[in-house]
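Asker: Enclosed is the structure file structure-v5.cif (mmCIF, C-alpha atoms).
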```cif
data_final
loop_
_atom_site.group_PDB
_atom_site.id
_atom_site.type_symbol
_atom_site.label_atom_id
_atom_site.label_comp_id
_atom_site.auth_asym_id
_atom_site.auth_seq_id
_atom_site.Cartn_x
_atom_site.Cartn_y
_atom_site.Cartn_z
ATOM 1 C CA MET A 1 -1.128 79.924 155.419
ATOM 2 C CA ALA A 2 0.959 77.252 153.682
ATOM 3 C CA SER A 3 -0.087 73.659 154.186
ATOM 4 C CA SER A 4 2.190 71.242 156.052
ATOM 5 C CA ILE A 5 4.668 69.395 153.884
ATOM 6 C CA GLN A 6 3.548 65.943 152.853
ATOM 7 C CA PRO A 7 5.306 63.386 150.605
ATOM 8 C CA THR A 8 2.773 64.000 147.871
ATOM 9 C CA ALA A 9 3.058 63.319 144.166
ATOM 10 C CA GLN A 10 3.711 67.047 143.626
ATOM 11 C CA ILE A 11 6.693 67.007 145.972
ATOM 12 C CA GLN A 12 8.108 63.928 144.326
ATOM 13 C CA ALA A 13 7.638 65.582 140.935
ATOM 14 C CA VAL A 14 9.590 68.665 142.055
ATOM 15 C CA ARG A 15 12.413 66.543 143.447
ATOM 16 C CA GLY A 16 12.471 64.455 140.290
ATOM 17 C CA PHE A 17 12.719 67.557 138.145
ATOM 18 C CA ASN A 18 15.544 68.900 140.322
ATOM 19 C CA ARG A 19 17.523 65.670 139.891
ATOM 20 C CA PHE A 20 16.909 65.652 136.140
ATOM 21 C CA TYR A 21 17.828 69.291 135.590
ATOM 22 C CA THR A 22 20.962 69.349 137.740
ATOM 23 C CA GLN A 23 22.232 66.300 135.880
ATOM 24 C CA ARG A 24 21.227 67.699 132.480
ATOM 25 C CA ILE A 25 23.104 70.979 132.911
ATOM 26 C CA GLY A 26 26.097 69.386 134.638
ATOM 27 C CA VAL A 27 25.815 71.105 138.021
ATOM 28 C CA LEU A 28 27.348 68.079 139.752
ATOM 29 C CA ALA A 29 30.451 68.182 137.526
ATOM 30 C CA PRO A 30 33.222 70.847 137.639
ATOM 31 C CA TYR A 31 31.459 73.935 136.341
ATOM 32 C CA LEU A 32 31.987 74.356 132.581
ATOM 33 C CA GLY A 33 35.006 72.077 132.879
ATOM 34 C CA SER A 34 36.925 74.847 134.659
ATOM 35 C CA GLU A 35 38.711 75.159 137.979
ATOM 36 C CA PHE A 36 35.837 77.278 139.302
ATOM 37 C CA SER A 37 32.846 76.298 141.384
ATOM 38 C CA LEU A 38 29.363 77.296 140.297
ATOM 39 C CA THR A 39 29.323 79.994 142.987
ATOM 40 C CA GLU A 40 32.655 81.439 141.855
ATOM 41 C CA VAL A 41 31.490 81.643 138.253
ATOM 42 C CA ARG A 42 28.285 83.338 139.386
ATOM 43 C CA VAL A 43 30.311 85.930 141.315
ATOM 44 C CA LEU A 44 32.494 86.483 138.248
ATOM 45 C CA TYR A 45 29.367 86.957 136.159
ATOM 46 C CA GLU A 46 27.933 89.573 138.529
ATOM 47 C CA LEU A 47 31.232 91.457 138.634
ATOM 48 C CA ALA A 48 31.418 91.440 134.822
ATOM 49 C CA GLN A 49 27.838 92.662 134.376
ATOM 50 C CA ARG A 50 27.492 95.212 137.170
ATOM 51 C CA ASP A 51 28.919 98.688 137.498
ATOM 52 C CA GLN A 52 31.192 98.479 140.552
ATOM 53 C CA PRO A 53 28.997 96.759 143.167
ATOM 54 C CA THR A 54 29.951 96.473 146.824
ATOM 55 C CA ALA A 55 30.605 93.169 148.537
ATOM 56 C CA SER A 56 27.537 93.619 150.732
ATOM 57 C CA GLU A 57 25.348 94.123 147.629
ATOM 58 C CA LEU A 58 26.681 90.929 146.077
ATOM 59 C CA ALA A 59 26.193 88.952 149.286
ATOM 60 C CA GLN A 60 22.618 90.148 149.626
ATOM 61 C CA ASP A 61 21.603 89.656 145.995
ATOM 62 C CA LEU A 62 23.249 86.234 145.687
ATOM 63 C CA ALA A 63 22.148 85.112 149.174
ATOM 64 C CA LEU A 64 25.762 84.247 150.048
ATOM 65 C CA ASP A 65 27.403 84.115 153.458
ATOM 66 C CA ALA A 66 29.528 87.253 153.794
ATOM 67 C CA GLY A 67 32.568 85.299 154.967
ATOM 68 C CA TYR A 68 32.319 82.836 152.080
ATOM 69 C CA LEU A 69 32.014 85.662 149.560
ATOM 70 C CA SER A 70 34.953 87.467 151.170
ATOM 71 C CA ARG A 71 37.164 84.417 150.644
ATOM 72 C CA ILE A 72 36.145 84.230 146.971
ATOM 73 C CA LEU A 73 36.870 87.914 146.461
ATOM 74 C CA ARG A 74 40.267 87.657 148.174
ATOM 75 C CA ARG A 75 41.187 84.802 145.842
ATOM 76 C CA PHE A 76 40.152 86.816 142.789
ATOM 77 C CA GLU A 77 42.149 89.786 144.057
ATOM 78 C CA SER A 78 45.270 87.693 144.690
ATOM 79 C CA GLN A 79 45.078 86.442 141.094
ATOM 80 C CA GLY A 80 44.893 90.011 139.764
ATOM 81 C CA TRP A 81 41.320 89.556 138.531
ATOM 82 C CA LEU A 82 39.661 91.997 140.918
ATOM 83 C CA ALA A 83 40.324 95.613 141.871
ATOM 84 C CA ARG A 84 38.844 97.566 144.764
ATOM 85 C CA VAL A 85 38.032 101.283 144.537
ATOM 86 C CA PRO A 86 37.170 103.329 147.649
ATOM 87 C CA SER A 87 33.522 104.358 147.764
ATOM 88 C CA VAL A 88 32.939 108.086 147.814
ATOM 89 C CA ALA A 89 29.531 107.599 149.411
ATOM 90 C CA ASP A 90 30.722 105.297 152.225
ATOM 91 C CA ALA A 91 34.369 105.119 153.264
ATOM 92 C CA ARG A 92 33.730 101.761 154.940
ATOM 93 C CA GLN A 93 32.839 100.193 151.596
ATOM 94 C CA SER A 94 34.899 99.354 148.535
ATOM 95 C CA LEU A 95 33.585 99.248 145.000
ATOM 96 C CA LEU A 96 34.494 96.088 143.113
ATOM 97 C CA LYS A 97 35.366 95.721 139.460
ATOM 98 C CA LEU A 98 37.005 93.113 137.271
ATOM 99 C CA THR A 99 40.413 93.987 135.898
ATOM 100 C CA PRO A 100 41.235 93.369 132.214
ATOM 101 C CA ALA A 101 42.794 90.085 133.384
ATOM 102 C CA GLY A 102 39.550 89.221 135.156
ATOM 103 C CA HIS A 103 37.508 89.889 132.031
ATOM 104 C CA LYS A 104 39.951 87.723 130.075
ATOM 105 C CA VAL A 105 39.331 84.852 132.518
ATOM 106 C CA PHE A 106 35.568 85.344 132.436
ATOM 107 C CA ALA A 107 35.130 85.674 128.654
ATOM 108 C CA PRO A 108 35.679 81.993 127.736
ATOM 109 C CA LEU A 109 33.410 80.894 130.602
ATOM 110 C CA GLN A 110 30.687 83.191 129.294
ATOM 111 C CA GLN A 111 31.113 81.853 125.763
ATOM 112 C CA GLN A 112 31.117 78.238 126.921
ATOM 113 C CA SER A 113 27.983 78.839 128.961
ATOM 114 C CA ASN A 114 26.293 80.318 125.889
ATOM 115 C CA ASP A 115 27.461 77.360 123.804
ATOM 116 C CA GLU A 116 26.120 74.825 126.291
ATOM 117 C CA ALA A 117 22.757 76.602 126.459
ATOM 118 C CA ALA A 118 22.650 76.602 122.659
ATOM 119 C CA ALA A 119 23.443 72.882 122.643
ATOM 120 C CA LEU A 120 20.529 72.220 124.994
ATOM 121 C CA LEU A 121 18.219 74.039 122.589
ATOM 122 C CA ALA A 122 19.704 72.630 119.393
ATOM 123 C CA GLY A 123 17.671 69.441 119.421
ATOM 124 C CA LEU A 124 14.373 71.297 119.771
ATOM 125 C CA SER A 125 12.225 72.838 117.070
ATOM 126 C CA SER A 126 11.585 76.587 117.125
ATOM 127 C CA ALA A 127 8.144 76.035 118.657
ATOM 128 C CA GLU A 128 9.590 73.695 121.307
ATOM 129 C CA GLN A 129 12.258 76.251 122.174
ATOM 130 C CA GLN A 130 9.574 78.898 122.653
ATOM 131 C CA ASN A 131 7.571 76.552 124.877
ATOM 132 C CA LEU A 132 10.659 75.789 126.955
ATOM 133 C CA VAL A 133 11.556 79.465 127.410
ATOM 134 C CA ALA A 134 7.964 80.273 128.348
ATOM 135 C CA ALA A 135 7.904 77.416 130.866
ATOM 136 C CA MET A 136 11.139 78.637 132.460
ATOM 137 C CA GLY A 137 9.669 82.104 132.735
ATOM 138 C CA THR A 138 6.623 80.658 134.465
ATOM 139 C CA LEU A 139 8.853 78.760 136.923
ATOM 140 C CA GLN A 140 10.822 81.888 137.716
ATOM 141 C CA ARG A 141 7.687 83.955 138.219
ATOM 142 C CA LEU A 142 5.896 81.423 140.431
ATOM 143 C CA LEU A 143 8.926 80.611 142.597
ATOM 144 C CA ALA A 144 10.202 84.172 143.036
ATOM 145 C CA PRO A 145 10.130 85.353 146.680
ATOM 146 C CA PRO A 146 7.086 87.516 147.545
ATOM 147 C CA GLY A 147 7.650 91.161 146.784
ATOM 148 C CA GLN A 148 10.698 90.527 144.601
ATOM 149 C CA PRO A 149 10.695 92.808 141.549
ATOM 150 C CA ALA A 150 10.429 91.225 138.120
ATOM 151 C CA ALA A 151 13.738 90.025 136.743
ATOM 152 C CA THR A 152 15.453 92.513 134.463
ATOM 153 C CA ARG A 153 15.698 91.353 130.862
ATOM 154 C CA THR A 154 18.957 92.130 129.102
ATOM 155 C CA ILE A 155 18.489 93.500 125.575
ATOM 156 C CA VAL A 156 21.500 94.035 123.317
ATOM 157 C CA LEU A 157 21.609 95.355 119.750
ATOM 158 C CA ARG A 158 24.813 94.308 118.026
ATOM 159 C CA ASP A 159 26.461 94.024 114.630
ATOM 160 C CA PRO A 160 25.999 90.722 112.787
ATOM 161 C CA LYS A 161 28.441 87.859 113.158
ATOM 162 C CA PRO A 162 29.024 84.752 111.010
ATOM 163 C CA GLY A 163 25.911 82.605 111.115
ATOM 164 C CA ASP A 164 23.510 85.446 111.833
ATOM 165 C CA MET A 165 22.280 85.740 108.247
ATOM 166 C CA GLY A 166 21.332 82.089 108.193
ATOM 167 C CA TRP A 167 19.409 82.649 111.417
ATOM 168 C CA VAL A 168 17.594 85.648 109.906
ATOM 169 C CA VAL A 169 16.489 83.556 106.923
ATOM 170 C CA GLN A 170 15.416 80.677 109.152
ATOM 171 C CA GLN A 171 13.374 82.916 111.453
ATOM 172 C CA HIS A 172 11.548 84.548 108.564
ATOM 173 C CA ALA A 173 10.761 81.179 107.001
ATOM 174 C CA GLU A 174 9.560 79.533 110.214
ATOM 175 C CA ILE A 175 7.605 82.456 111.674
ATOM 176 C CA TYR A 176 5.792 83.387 108.463
ATOM 177 C CA ALA A 177 4.994 79.746 107.672
ATOM 178 C CA ARG A 178 3.619 79.165 111.148
ATOM 179 C CA GLU A 179 1.700 82.440 111.556
ATOM 180 C CA TYR A 180 0.609 83.201 107.982
ATOM 181 C CA GLY A 181 1.004 79.940 106.092
ATOM 182 C CA TRP A 182 3.511 81.375 103.600
ATOM 183 C CA ASN A 183 5.398 78.855 101.488
ATOM 184 C CA SER A 184 9.061 78.438 100.554
ATOM 185 C CA GLU A 185 8.878 81.258 97.991
ATOM 186 C CA PHE A 186 9.170 83.659 100.914
ATOM 187 C CA GLU A 187 12.197 81.856 102.337
ATOM 188 C CA ALA A 188 13.833 82.075 98.905
ATOM 189 C CA LEU A 189 13.128 85.827 98.763
ATOM 190 C CA VAL A 190 14.641 86.467 102.195
ATOM 191 C CA ALA A 191 17.663 84.287 101.398
ATOM 192 C CA ASP A 192 18.230 86.274 98.200
ATOM 193 C CA ILE A 193 18.014 89.612 100.047
ATOM 194 C CA ALA A 194 20.371 88.417 102.788
ATOM 195 C CA GLY A 195 22.850 87.055 100.232
ATOM 196 C CA LYS A 196 22.910 90.309 98.281
ATOM 197 C CA TYR A 197 23.381 92.273 101.508
ATOM 198 C CA LEU A 198 26.458 90.214 102.370
ATOM 199 C CA LYS A 199 27.869 90.317 98.860
ATOM 200 C CA ASN A 200 27.284 94.019 98.192
ATOM 201 C CA PHE A 201 27.551 95.442 101.718
ATOM 202 C CA GLN A 202 28.470 99.140 101.814
ATOM 203 C CA PRO A 203 29.560 99.827 105.416
ATOM 204 C CA ASP A 204 29.411 103.608 105.032
ATOM 205 C CA PHE A 205 25.753 103.565 104.011
ATOM 206 C CA GLU A 206 24.230 100.272 105.213
ATOM 207 C CA LYS A 207 23.821 98.520 108.530
ATOM 208 C CA CYS A 208 22.291 95.489 110.216
ATOM 209 C CA TRP A 209 21.310 95.116 113.851
ATOM 210 C CA ILE A 210 20.902 91.738 115.554
ATOM 211 C CA ALA A 211 18.818 91.913 118.736
ATOM 212 C CA GLU A 212 19.603 89.629 121.646
ATOM 213 C CA LEU A 213 17.376 89.038 124.673
ATOM 214 C CA ASP A 214 19.144 87.522 127.667
ATOM 215 C CA GLY A 215 21.936 86.366 125.348
ATOM 216 C CA LEU A 216 19.719 84.752 122.687
ATOM 217 C CA ARG A 217 19.023 86.092 119.196
ATOM 218 C CA VAL A 218 15.451 87.316 118.939
ATOM 219 C CA GLY A 219 15.344 89.962 116.199
ATOM 220 C CA ALA A 220 16.986 91.758 113.319
ATOM 221 C CA VAL A 221 16.584 94.662 110.938
ATOM 222 C CA PHE A 222 18.537 96.101 107.993
ATOM 223 C CA VAL A 223 19.143 99.448 106.333
ATOM 224 C CA VAL A 224 20.070 99.028 102.662
ATOM 225 C CA ARG A 225 21.175 101.775 100.268
ATOM 226 C CA LYS A 226 18.625 102.060 97.463
ATOM 227 C CA SER A 227 20.047 105.272 96.007
ATOM 228 C CA ALA A 228 22.149 108.229 97.102
ATOM 229 C CA THR A 229 19.099 109.787 98.757
ATOM 230 C CA VAL A 230 16.872 106.800 99.607
ATOM 231 C CA ALA A 231 17.488 104.211 102.330
ATOM 232 C CA GLN A 232 15.431 101.037 102.483
ATOM 233 C CA LEU A 233 14.368 99.351 105.730
ATOM 234 C CA ARG A 234 14.350 95.593 105.190
ATOM 235 C CA MET A 235 13.769 92.270 106.949
ATOM 236 C CA LEU A 236 12.493 93.489 110.316
ATOM 237 C CA ILE A 237 11.875 90.301 112.290
ATOM 238 C CA LEU A 238 11.066 89.631 115.933
ATOM 239 C CA ALA A 239 10.709 86.220 117.567
ATOM 240 C CA PRO A 240 7.446 85.675 119.480
ATOM 241 C CA GLU A 241 9.202 85.456 122.852
ATOM 242 C CA ALA A 242 10.555 88.995 122.397
ATOM 243 C CA ARG A 243 7.267 90.660 121.518
ATOM 244 C CA GLY A 244 5.650 93.178 123.830
ATOM 245 C CA LEU A 245 8.978 94.652 124.990
ATOM 246 C CA GLY A 246 9.096 97.543 122.514
ATOM 247 C CA LEU A 247 11.986 95.918 120.679
ATOM 248 C CA GLY A 248 10.422 96.157 117.207
ATOM 249 C CA GLY A 249 10.058 99.905 117.674
ATOM 250 C CA ARG A 250 13.586 100.200 118.990
ATOM 251 C CA LEU A 251 15.022 98.404 115.955
ATOM 252 C CA THR A 252 13.030 100.681 113.654
ATOM 253 C CA ASP A 253 14.228 103.764 115.537
ATOM 254 C CA GLU A 254 17.841 102.665 115.047
ATOM 255 C CA CYS A 255 17.241 102.437 111.303
ATOM 256 C CA ILE A 256 15.702 105.902 111.154
ATOM 257 C CA ALA A 257 18.506 107.466 113.194
ATOM 258 C CA PHE A 258 21.157 105.778 111.041
ATOM 259 C CA ALA A 259 19.546 106.909 107.779
ATOM 260 C CA ARG A 260 19.249 110.494 108.982
ATOM 261 C CA ASN A 261 22.843 110.525 110.175
ATOM 262 C CA LYS A 262 24.048 109.278 106.782
ATOM 263 C CA GLY A 263 22.269 112.085 104.955
ATOM 264 C CA TYR A 264 19.480 110.138 103.299
ATOM 265 C CA LYS A 265 16.431 112.231 102.392
ATOM 266 C CA LYS A 266 13.909 109.421 102.573
ATOM 267 C CA MET A 267 13.439 105.947 104.024
ATOM 268 C CA GLN A 268 11.301 103.422 102.175
ATOM 269 C CA LEU A 269 10.021 99.952 102.999
ATOM 270 C CA TRP A 270 7.815 97.280 101.492
ATOM 271 C CA THR A 271 5.428 95.211 103.594
ATOM 272 C CA ASN A 272 2.053 93.474 103.416
ATOM 273 C CA SER A 273 -1.347 94.653 104.588
ATOM 274 C CA CYS A 274 -1.765 91.626 106.863
ATOM 275 C CA LEU A 275 1.263 92.517 109.011
ATOM 276 C CA ASP A 276 -0.635 94.690 111.462
ATOM 277 C CA ALA A 277 2.003 94.894 114.206
ATOM 278 C CA ALA A 278 4.764 96.038 111.850
ATOM 279 C CA ARG A 279 2.469 98.524 110.103
ATOM 280 C CA ALA A 280 1.558 100.036 113.482
ATOM 281 C CA ILE A 281 5.251 100.528 114.288
ATOM 282 C CA TYR A 282 5.851 102.294 110.979
ATOM 283 C CA ALA A 283 2.763 104.509 111.226
ATOM 284 C CA LYS A 284 3.644 105.590 114.766
ATOM 285 C CA ARG A 285 7.014 106.836 113.512
ATOM 286 C CA GLY A 286 5.622 108.915 110.689
ATOM 287 C CA PHE A 287 5.824 106.516 107.765
ATOM 288 C CA ARG A 288 3.054 107.044 105.215
ATOM 289 C CA LEU A 289 1.475 104.459 102.952
ATOM 290 C CA THR A 290 2.248 105.601 99.390
ATOM 291 C CA LYS A 291 1.332 102.568 97.287
ATOM 292 C CA SER A 292 -0.917 99.529 97.665
ATOM 293 C CA GLU A 293 -1.108 96.725 95.113
ATOM 294 C CA PRO A 294 -2.765 93.251 95.191
ATOM 295 C CA TYR A 295 -0.607 90.319 94.096
ATOM 296 C CA HIS A 296 -0.369 86.560 94.441
ATOM 297 C CA GLY A 297 2.721 85.370 96.256
ATOM 298 C CA PHE A 298 4.012 82.950 98.881
ATOM 299 C CA GLY A 299 0.965 80.765 98.230
ATOM 300 C CA HIS A 300 -1.651 83.442 99.000
ATOM 301 C CA ASP A 301 -3.513 86.413 97.595
ATOM 302 C CA LEU A 302 -1.884 89.372 99.330
ATOM 303 C CA VAL A 303 -1.719 93.165 99.211
ATOM 304 C CA GLY A 304 1.770 94.595 99.002
ATOM 305 C CA GLU A 305 2.382 98.060 100.429
ATOM 306 C CA THR A 306 5.096 100.683 100.033
ATOM 307 C CA TRP A 307 5.642 103.037 102.992
ATOM 308 C CA GLU A 308 7.858 106.122 103.052
ATOM 309 C CA LEU A 309 9.300 108.474 105.647
ATOM 310 C CA ARG A 310 10.801 111.786 104.521
ATOM 311 C CA PHE A 311 13.494 113.472 106.595
#
```
Please render this file's structure as structure tokens.
Answerer:
Amino acid sequence: MASSIQPTAQIQAVRGFNRFYTQRIGVLAPYLGSEFSLTEVRVLYELAQRDQPTASELAQDLALDAGYLSRILRRFESQGWLARVPSVADARQSLLKLTPAGHKVFAPLQQQSNDEAAALLAGLSSAEQQNLVAAMGTLQRLLAPPGQPAATRTIVLRDPKPGDMGWVVQQHAEIYAREYGWNSEFEALVADIAGKYLKNFQPDFEKCWIAELDGLRVGAVFVVRKSATVAQLRMLILAPEARGLGLGGRLTDECIAFARNKGYKKMQLWTNSCLDAARAIYAKRGFRLTKSEPYHGFGHDLVGETWELRF
């Protein structure tokens, strides 16, 4: 049984954090500088992300008064942002979906929200960002209502955009320096590979995937044309906060499927014996170690490995 509420230091700490965070993210100001309230933007978000929900589903999931939500939906409909489709399963219900005009209204809000979140993170180091994300996950887990299922994580694999290659180089440099102590020689190698990929990109035979988790970049992988019959898997990277979700395997599977579809006879990759997690992903998918050679690089004595998968 919960204890009675007392004005303890813990309570004051929670209230202090609430005041700090609401001010920091601008909750008390017009949301994202738009004409919308925070609730209206949240409803827009749910309509954009879901596949034709009902009003009752939205009210329940967002803990909104049904009458209040109804007024928001009527406003959206009057502006041409919302369409209602009769439900086949229940004639008393309508299925809701954003119109193209509604998506056009929502898109800049989504981008601005992403930009503001990025700005909050920009002043933090990579390690500090990871600590912050982990702390937010802990808050969400501890404060979730009893019996509520774990929040669904949104994973997206997309084509690269301007700025992504710089992020790929940065992630390799920071992660391998922190976890393996590799020096700037490795960053130079990755930068050279990324630069050549951009300069010599062959869209019919090569591809890059950028992985996003809940809207943030967390991984990448490349397929590069080595010859007419051999594809090369390169620069598989996964941020620590995205590990344990099967994303490294999924990125590798995309590479294999792409190479097969393009008619390559073999996929090849180069890695190091100390990279146990990556090697396990490759072995599980049928790659075989074909060459192993000691060398000195990146400030350490290492063992380079060549792995191959024949189609």
Asker: So which residues touch region 68-83 of chain A within 7 Å, counting all atoms listed in the file, skipping near sequence neighbours fewer than 4 positions away, as a count of residues only?
Answerer: 9
Asker: Work out how far CA of Ala239 (chain A) is from CA of Arg288 (chain A), in Å to one decimal.
Answerer: 25.4 Å
Asker: Around (29.9, 90.5, 102.5), as given in the file, which residues come within 12 Å? Count only C-alpha atoms and list them as a list in words.
Answerer: Pro160, Lys161, Pro162, Met165, Ala194, Gly195, Lys196, Tyr197, Leu198, Lys199, Asn200, Phe201, Gln202, Pro203, Glu206, Lys207 and Cys208 of chain A
Asker: Spell out the residues picked by the PyMOL selection byres ((chain A and resi 50-52) around 9) here, as a list in words.
Answerer: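 Taken over the shown coordinates, the PyMOL selection byres ((chain A and resi 50-52) around 9) returns Tyr45, Glu46, Leu47, Ala48, Gln49, Pro53, Thr54, Arg84, Val85, Ser94, Leu95, Leu96, Lys97 and Leu98 of chain A.
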Asker: How would the residues just chosen look if you wrote them out with C-alpha atoms as a PDB file, keeping the file's coordinate frame?
Answerer:
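Writing done, so here's selection.pdb:
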```pdb
ATOM      1  CA  TYR A  45      29.367  86.957 136.159  1.00  0.00           C
ATOM      2  CA  GLU A  46      27.933  89.573 138.529  1.00  0.00           C
ATOM      3  CA  LEU A  47      31.232  91.457 138.634  1.00  0.00           C
ATOM      4  CA  ALA A  48      31.418  91.440 134.822  1.00  0.00           C
ATOM      5  CA  GLN A  49      27.838  92.662 134.376  1.00  0.00           C
ATOM      6  CA  PRO A  53      28.997  96.759 143.167  1.00  0.00           C
ATOM      7  CA  THR A  54      29.951  96.473 146.824  1.00  0.00           C
ATOM      8  CA  ARG A  84      38.844  97.566 144.764  1.00  0.00           C
ATOM      9  CA  VAL A  85      38.032 101.283 144.537  1.00  0.00           C
ATOM     10  CA  SER A  94      34.899  99.354 148.535  1.00  0.00           C
ATOM     11  CA  LEU A  95      33.585  99.248 145.000  1.00  0.00           C
ATOM     12  CA  LEU A  96      34.494  96.088 143.113  1.00  0.00           C
ATOM     13  CA  LYS A  97      35.366  95.721 139.460  1.00  0.00           C
ATOM     14  CA  LEU A  98      37.005  93.113 137.271  1.00  0.00           C
TER      15      LEU A  98
END
```
Asker: Can you report as JSON the centre and edge lengths in Å, to one decimal, of an axis-aligned box around the listed atoms of region 12-26 of chain A padded with 5 Å on each side?
Answerer:
```
{"center_x": 16.9, "center_y": 67.5, "center_z": 138.4, "size_x": 28.5, "size_y": 17.1, "size_z": 21.8}
```
Asker: Could you tell me, as a list in words, exactly which residues end up selected when the PyMOL selection byres ((chain A and resi 130-138) around 12) is applied to this structure?
Answerer: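 Output from the PyMOL selection byres ((chain A and resi 130-138) around 12), applied to this file: Tyr21, Ala117, Leu120, Leu121, Leu124, Ser125, Ser126, Ala127, Glu128, Gln129, Leu139, Gln140, Arg141, Leu142, Leu143, Ala144, Ala150, Ala151, Arg153, Ile175, Leu213, Asp214, Leu216, Val218, Ala239, Pro240, Glu241 and Ala242 of chain A.
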Asker: Can you list every residue of region 187-269 of chain A that has an atom at most 10 Å from region 294-299 of chain A, with its nearest atom pair and the distance in Å to one decimal, using all atoms listed in the file, ordered by chain then number, as CSV?
Answerer:
```
residue,atom,partner,partner_atom,distance
A:Glu187,CA,A:Phe298,CA,9.0
A:Ala188,CA,A:Phe298,CA,9.9
A:Leu189,CA,A:Phe298,CA,9.6
```
Asker: List, as a compact mmCIF listing (two decimals) with C-alpha atoms, in the frame of the given file, every residue that the PyMOL selection byres ((chain A and resi 173) around 9) selects in the file provided.
Answerer:
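Written file, selection-v1.txt:
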```txt
# COMPACT_ATOMS: atom_id res chain seq x y z
CA VAL A 168 17.59 85.65 109.91
CA VAL A 169 16.49 83.56 106.92
CA GLN A 170 15.42 80.68 109.15
CA GLN A 171 13.37 82.92 111.45
CA HIS A 172 11.55 84.55 108.56
CA GLU A 174 9.56 79.53 110.21
CA ILE A 175 7.60 82.46 111.67
CA TYR A 176 5.79 83.39 108.46
CA ALA A 177 4.99 79.75 107.67
CA ARG A 178 3.62 79.17 111.15
CA TRP A 182 3.51 81.38 103.60
CA ASN A 183 5.40 78.86 101.49
CA SER A 184 9.06 78.44 100.55
CA PHE A 186 9.17 83.66 100.91
CA GLU A 187 12.20 81.86 102.34
CA ALA A 188 13.83 82.08 98.90
CA VAL A 190 14.64 86.47 102.20
```
Asker: Please, what distance in Å, to one decimal, runs between CA of Val223 (chain A) and CA of Asp253 (chain A)?
Answerer: 11.3 Å
Asker: Which value, in Å to one decimal, gives the distance between CA of Gly219 (chain A) and CA of Leu289 (chain A)?
Answerer: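 Between CA of Gly219 (chain A) and CA of Leu289 (chain A) the gap is 24.0 Å.
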Asker: Contacts of region 233-235 of chain A at 8 Å or less, counting all atoms listed in the file, minus same-chain residues fewer than 3 places along, as a PyMOL selection string?
Answerer: chain A and resi 190+220-224+255+267-270
Asker: Could you save those same residues with C-alpha atoms as a PDB file, in the frame of the given file?
Answerer:
```pdb
ATOM      1  CA  VAL A 190      14.641  86.467 102.195  1.00  0.00           C
ATOM      2  CA  ALA A 220      16.986  91.758 113.319  1.00  0.00           C
ATOM      3  CA  VAL A 221      16.584  94.662 110.938  1.00  0.00           C
ATOM      4  CA  PHE A 222      18.537  96.101 107.993  1.00  0.00           C
ATOM      5  CA  VAL A 223      19.143  99.448 106.333  1.00  0.00           C
ATOM      6  CA  VAL A 224      20.070  99.028 102.662  1.00  0.00           C
ATOM      7  CA  CYS A 255      17.241 102.437 111.303  1.00  0.00           C
ATOM      8  CA  MET A 267      13.439 105.947 104.024  1.00  0.00           C
ATOM      9  CA  GLN A 268      11.301 103.422 102.175  1.00  0.00           C
ATOM     10  CA  LEU A 269      10.021  99.952 102.999  1.00  0.00           C
ATOM     11  CA  TRP A 270       7.815  97.280 101.492  1.00  0.00           C
TER      12      TRP A 270
END
```
Asker: Compile the contact shell of Thr271 (chain A) as a list of chain:residue names: residues with an atom at most 7 Å away, counting all atoms listed in the file, same-chain residues fewer than 6 positions apart removed.
Answerer: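 So the residues in contact are A:Gly304, A:Glu305, A:Thr306.
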Asker: Compare A:Val43, A:Leu109, A:Ala55, A:Ala119 by their minimum atom-to-atom distance to Ile25 (chain A), counting all atoms listed in the file, and give me the closest one.
Answerer: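 For Ile25 (chain A), the nearest of the given residues is A:Ala119.
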Asker: Just give me the residues with any atom within 12 Å of (29.5, 83.0, 127.3), file coordinates, counting only C-alpha atoms, written as a ChimeraX atom specification.
Answerer: /A:32,41,44-45,48,103-118,214-216
Asker: Determine the nearest neighbour of His300 (chain A) from the options A:Ser56, A:Asn272, A:Ser34, A:Thr252, counting only C-alpha atoms.
Answerer: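 Answer, going by the shortest atom-to-atom distance: A:Asn272.
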Asker: For Glu57 (chain A), which residue out of A:Ala278, A:Arg285, A:Gln93, A:Pro86 is the nearest one, using all atoms listed in the file?
Answerer: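 Closest to Glu57 (chain A), using all atoms listed in the file: A:Gln93.
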Asker: Can you list, as a CSV table (one decimal) with C-alpha atoms, in the frame of the given file, every protein, DNA or RNA residue that comes within 12 Å of Asn261 (chain A) when you count all atoms listed in the file, leaving out same-chain residues fewer than 6 positions away?
Answerer:
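This is the output file out-v7.csv:
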```csv
chain,number,residue,atom,x,y,z
A,204,ASP,CA,29.4,103.6,105.0
A,205,PHE,CA,25.8,103.6,104.0
A,206,GLU,CA,24.2,100.3,105.2
A,231,ALA,CA,17.5,104.2,102.3
A,254,GLU,CA,17.8,102.7,115.0
A,255,CYS,CA,17.2,102.4,111.3
A,311,PHE,CA,13.5,113.5,106.6
```
